[in-house]
Amino acid sequence: MTVKEMRDSLRGEQLVKALKSRNMEAYLVDTKEDALKKALELIPAESSVGWGGSASIEEIGLKDAIKNGNYTVIDREQSSSKEEAEKLMRDIFFCDYFLASSNAVSEDGVLVNIDGNSNRVAALCYGPKHVVMIIGMNKVVKSVEDAMSRARNTAAPLNAQRFDIDTPCKKTGCCYDCKKPDTVCCQILITRYSRHVGRIKVILVKEDLGF
């Protein structure tokens with residue numbers, strides 16, 4: 001075991017306790033393969049499942065596993081028009097299980113997420129009966145302030161590179177607190193507690209995932 005793996009294990013164990021203290025379920029796993037196995041254990045067959053934009057759930061193979069499994073899949077990427085995509089995003093709001101990651105999480109268990117369309121942060125707050133989050137240890141930071149900084153200065157500029165948009169971070173890789181129509185930073189969500197016990201289920205992975 002490397003020193004990084006040793007630290008991630010110790011840090012992850014503490015973070016699991018912190019998340020549980022905030023009424024969330026939390027699990028610590030070693031690999032992407034373990035994360036996929038745990039996620040599928042948490043999602044019963046025949047459940048309706050949807051997701052927002054998330055590189056992490058793709059990297060562990062969760063999207064493909066859901067598409068190929070015994071689930072009712074709500075996938076806006078399969079839409080044939082902007083209007084249909086909007087409808088599917090609204091349908092996802094009422095699904096059984098919503099899949100996501102987090103832009104950052106503080107060591108004391110606070111999740112910080114930033115969004116452009118805001119469908120992802122809306123579903124994290126309310127709507128889907130359950131939320132399953134896949135979070136790599138690269139997204140764990142010391143404090144809520146550090147989590148805010150990571151969301152704005154690391155996650156948002158990296159995500160912007162994936163889209164055909166006109167923002168300063170797309171052009172320079174740096175956040176300028178812009179007010180461009182294409183901004184990916186319309187809503188910032190801080191999740192410090194889950195009123196509904198266990199609704200949010202966090203799988204921490206001792207690998208780097210997503211942005």
# chains A, B, ... in the order shown; residues from 1 in each chain; ligands from 1
>>> residues_around(residues="Arg11 of chain A", least_positions_apart="4", cutoff="8 Å", atoms="only C-alpha atoms", output="list in words")
Arg7, Leu15 and Glu107 of chain A
>>> select_by_dssp(residues="segment 29-202 of chain A", states="strand (DSSP E or B)", output="ChimeraX atom specification")
/A:29,48-51,72-74,97-100,104-106,111-115,130-136,140-141,187-191,200-202
>>> residues_around(residues="segment 26-32 of chain A", least_positions_apart="4", cutoff="6 Å", atoms="only C-alpha atoms", output="list of chain:residue names")
A:Val16, A:Ile60, A:Lys201, A:Val202, A:Ile203, A:Leu204, A:Val205, A:Lys206
>>> write_last_selection(atoms="N, CA and C atoms", output="JSON list (two decimals), in the first residue's frame")
[["chain", "number", "residue", "atom", "x", "y", "z"],
["A", 16, "VAL", "N", -16.60, 9.01, 6.02],
["A", 16, "VAL", "CA", -17.80, 8.16, 6.14],
["A", 16, "VAL", "C", -18.55, 8.49, 7.43],
["A", 60, "ILE", "N", -16.93, 4.62, -13.84],
["A", 60, "ILE", "CA", -17.02, 3.32, -13.15],
["A", 60, "ILE", "C", -17.90, 2.34, -13.91],
["A", 201, "LYS", "N", -27.02, 8.58, -0.74],
["A", 201, "LYS", "CA", -26.10, 7.48, -0.48],
["A", 201, "LYS", "C", -24.79, 7.79, -1.20],
["A", 202, "VAL", "N", -23.73, 7.95, -0.45],
["A", 202, "VAL", "CA", -22.44, 8.35, -1.00],
["A", 202, "VAL", "C", -21.49, 7.16, -1.01],
["A", 203, "ILE", "N", -20.95, 6.88, -2.19],
["A", 203, "ILE", "CA", -19.92, 5.85, -2.32],
["A", 203, "ILE", "C", -18.60, 6.56, -2.58],
["A", 204, "LEU", "N", -17.72, 6.54, -1.59],
["A", 204, "LEU", "CA", -16.39, 7.13, -1.72],
["A", 204, "LEU", "C", -15.45, 6.10, -2.33],
["A", 205, "VAL", "N", -14.69, 6.53, -3.30],
["A", 205, "VAL", "CA", -13.79, 5.61, -4.02],
["A", 205, "VAL", "C", -12.35, 6.08, -3.82],
["A", 206, "LYS", "N", -11.49, 5.17, -3.41],
["A", 206, "LYS", "CA", -10.10, 5.51, -3.17],
["A", 206, "LYS", "C", -9.30, 5.56, -4.49]]
>>> select_by_dssp(residues="segment 68-130 of chain A", states="alpha helix (DSSP H)", output="PyMOL selection string")
chain A and resi 82-92+119-125
>>> atom_distance(atom1="atom CA of Ala155 of chain A", atom2="atom CA of Met89 of chain A")
22.0 Å
>>> residues_around(residues="Val131 of chain A", least_positions_apart="5", cutoff="8 Å", atoms="only C-alpha atoms", output="ChimeraX atom specification")
/A:97-100,124,199-201
>>> decode(residues="segment 19-50 of chain A", atoms="N, CA, C and O atoms", output="mmCIF file, in the first residue's frame")
data_model
loop_
_atom_site.group_PDB
_atom_site.id
_atom_site.type_symbol
_atom_site.label_atom_id
_atom_site.label_comp_id
_atom_site.auth_asym_id
_atom_site.auth_seq_id
_atom_site.Cartn_x
_atom_site.Cartn_y
_atom_site.Cartn_z
ATOM 1 N N LEU A 19 -20.265 11.955 7.040
ATOM 2 C CA LEU A 19 -21.462 11.908 6.193
ATOM 3 C C LEU A 19 -22.630 11.257 6.928
ATOM 4 O O LEU A 19 -23.775 11.733 6.856
ATOM 5 N N LYS A 20 -22.345 10.189 7.654
ATOM 6 C CA LYS A 20 -23.404 9.521 8.417
ATOM 7 C C LYS A 20 -23.973 10.453 9.483
ATOM 8 O O LYS A 20 -25.175 10.413 9.784
ATOM 9 N N SER A 21 -23.127 11.310 10.064
ATOM 10 C CA SER A 21 -23.603 12.255 11.081
ATOM 11 C C SER A 21 -24.547 13.287 10.481
ATOM 12 O O SER A 21 -25.268 13.973 11.204
ATOM 13 N N ARG A 22 -24.546 13.385 9.146
ATOM 14 C CA ARG A 22 -25.421 14.325 8.436
ATOM 15 C C ARG A 22 -26.598 13.602 7.770
ATOM 16 O O ARG A 22 -27.188 14.095 6.813
ATOM 17 N N ASN A 23 -26.934 12.420 8.296
ATOM 18 C CA ASN A 23 -28.108 11.652 7.844
ATOM 19 C C ASN A 23 -27.963 11.068 6.446
ATOM 20 O O ASN A 23 -28.955 10.776 5.778
ATOM 21 N N MET A 24 -26.734 10.897 5.979
ATOM 22 C CA MET A 24 -26.497 10.270 4.684
ATOM 23 C C MET A 24 -25.908 8.877 4.899
ATOM 24 O O MET A 24 -25.203 8.636 5.875
ATOM 25 N N GLU A 25 -26.213 7.969 3.983
ATOM 26 C CA GLU A 25 -25.512 6.698 3.974
ATOM 27 C C GLU A 25 -24.148 6.923 3.339
ATOM 28 O O GLU A 25 -24.015 7.740 2.423
ATOM 29 N N ALA A 26 -23.137 6.200 3.788
ATOM 30 C CA ALA A 26 -21.808 6.383 3.207
ATOM 31 C C ALA A 26 -21.042 5.074 3.227
ATOM 32 O O ALA A 26 -21.138 4.301 4.180
ATOM 33 N N TYR A 27 -20.301 4.853 2.152
ATOM 34 C CA TYR A 27 -19.523 3.638 1.994
ATOM 35 C C TYR A 27 -18.156 4.015 1.428
ATOM 36 O O TYR A 27 -18.053 4.925 0.596
ATOM 37 N N LEU A 28 -17.127 3.312 1.852
ATOM 38 C CA LEU A 28 -15.774 3.530 1.342
ATOM 39 C C LEU A 28 -15.318 2.266 0.625
ATOM 40 O O LEU A 28 -15.324 1.179 1.214
ATOM 41 N N VAL A 29 -14.946 2.408 -0.650
ATOM 42 C CA VAL A 29 -14.505 1.252 -1.437
ATOM 43 C C VAL A 29 -13.139 1.555 -2.051
ATOM 44 O O VAL A 29 -12.722 2.711 -2.162
ATOM 45 N N ASP A 30 -12.470 0.500 -2.477
ATOM 46 C CA ASP A 30 -11.097 0.636 -2.965
ATOM 47 C C ASP A 30 -11.009 1.059 -4.430
ATOM 48 O O ASP A 30 -10.161 1.882 -4.792
ATOM 49 N N THR A 31 -11.857 0.479 -5.274
ATOM 50 C CA THR A 31 -11.675 0.640 -6.721
ATOM 51 C C THR A 31 -12.967 1.008 -7.437
ATOM 52 O O THR A 31 -14.054 0.938 -6.868
ATOM 53 N N LYS A 32 -12.826 1.362 -8.713
ATOM 54 C CA LYS A 32 -13.981 1.637 -9.574
ATOM 55 C C LYS A 32 -14.901 0.424 -9.641
ATOM 56 O O LYS A 32 -16.127 0.547 -9.620
ATOM 57 N N GLU A 33 -14.286 -0.761 -9.735
ATOM 58 C CA GLU A 33 -15.068 -1.987 -9.819
ATOM 59 C C GLU A 33 -15.882 -2.211 -8.540
ATOM 60 O O GLU A 33 -17.044 -2.625 -8.596
ATOM 61 N N ASP A 34 -15.272 -1.916 -7.407
ATOM 62 C CA ASP A 34 -15.985 -2.035 -6.128
ATOM 63 C C ASP A 34 -17.126 -1.024 -6.054
ATOM 64 O O ASP A 34 -18.203 -1.321 -5.516
ATOM 65 N N ALA A 35 -16.886 0.173 -6.577
ATOM 66 C CA ALA A 35 -17.914 1.220 -6.559
ATOM 67 C C ALA A 35 -19.114 0.806 -7.401
ATOM 68 O O ALA A 35 -20.274 1.009 -7.006
ATOM 69 N N LEU A 36 -18.843 0.227 -8.568
ATOM 70 C CA LEU A 36 -19.929 -0.238 -9.432
ATOM 71 C C LEU A 36 -20.738 -1.325 -8.736
ATOM 72 O O LEU A 36 -21.982 -1.297 -8.745
ATOM 73 N N LYS A 37 -20.057 -2.268 -8.135
ATOM 74 C CA LYS A 37 -20.744 -3.360 -7.440
ATOM 75 C C LYS A 37 -21.617 -2.823 -6.319
ATOM 76 O O LYS A 37 -22.788 -3.216 -6.168
ATOM 77 N N LYS A 38 -21.097 -1.903 -5.526
ATOM 78 C CA LYS A 38 -21.858 -1.338 -4.402
ATOM 79 C C LYS A 38 -23.063 -0.551 -4.917
ATOM 80 O O LYS A 38 -24.169 -0.648 -4.368
ATOM 81 N N ALA A 39 -22.877 0.240 -5.967
ATOM 82 C CA ALA A 39 -23.984 1.033 -6.496
ATOM 83 C C ALA A 39 -25.117 0.134 -6.964
ATOM 84 O O ALA A 39 -26.299 0.399 -6.675
ATOM 85 N N LEU A 40 -24.789 -0.941 -7.658
ATOM 86 C CA LEU A 40 -25.824 -1.853 -8.155
ATOM 87 C C LEU A 40 -26.511 -2.585 -7.013
ATOM 88 O O LEU A 40 -27.700 -2.926 -7.107
ATOM 89 N N GLU A 41 -25.791 -2.812 -5.920
ATOM 90 C CA GLU A 41 -26.414 -3.412 -4.739
ATOM 91 C C GLU A 41 -27.461 -2.483 -4.132
ATOM 92 O O GLU A 41 -28.456 -2.943 -3.554
ATOM 93 N N LEU A 42 -27.256 -1.184 -4.286
ATOM 94 C CA LEU A 42 -28.146 -0.192 -3.677
ATOM 95 C C LEU A 42 -29.391 0.097 -4.512
ATOM 96 O O LEU A 42 -30.345 0.694 -4.019
ATOM 97 N N ILE A 43 -29.371 -0.303 -5.795
ATOM 98 C CA ILE A 43 -30.467 0.030 -6.703
ATOM 99 C C ILE A 43 -31.249 -1.234 -7.048
ATOM 100 O O ILE A 43 -30.772 -2.081 -7.807
ATOM 101 N N PRO A 44 -32.438 -1.412 -6.506
ATOM 102 C CA PRO A 44 -33.221 -2.624 -6.788
ATOM 103 C C PRO A 44 -33.610 -2.730 -8.260
ATOM 104 O O PRO A 44 -33.801 -1.723 -8.945
ATOM 105 N N ALA A 45 -33.730 -3.957 -8.738
ATOM 106 C CA ALA A 45 -34.196 -4.199 -10.099
ATOM 107 C C ALA A 45 -35.577 -3.581 -10.295
ATOM 108 O O ALA A 45 -36.369 -3.477 -9.354
ATOM 109 N N GLU A 46 -35.843 -3.141 -11.508
ATOM 110 C CA GLU A 46 -37.105 -2.538 -11.931
ATOM 111 C C GLU A 46 -37.297 -1.115 -11.414
ATOM 112 O O GLU A 46 -38.352 -0.516 -11.629
ATOM 113 N N SER A 47 -36.293 -0.568 -10.744
ATOM 114 C CA SER A 47 -36.371 0.840 -10.327
ATOM 115 C C SER A 47 -36.258 1.742 -11.554
ATOM 116 O O SER A 47 -35.627 1.391 -12.555
ATOM 117 N N SER A 48 -36.862 2.921 -11.464
ATOM 118 C CA SER A 48 -36.636 3.936 -12.498
ATOM 119 C C SER A 48 -35.380 4.716 -12.113
ATOM 120 O O SER A 48 -35.191 5.090 -10.958
ATOM 121 N N VAL A 49 -34.504 4.911 -13.090
ATOM 122 C CA VAL A 49 -33.188 5.496 -12.820
ATOM 123 C C VAL A 49 -32.879 6.588 -13.835
ATOM 124 O O VAL A 49 -33.093 6.413 -15.043
ATOM 125 N N GLY A 50 -32.369 7.708 -13.336
ATOM 126 C CA GLY A 50 -31.920 8.790 -14.208
ATOM 127 C C GLY A 50 -30.657 9.407 -13.650
ATOM 128 O O GLY A 50 -30.187 9.027 -12.571
#
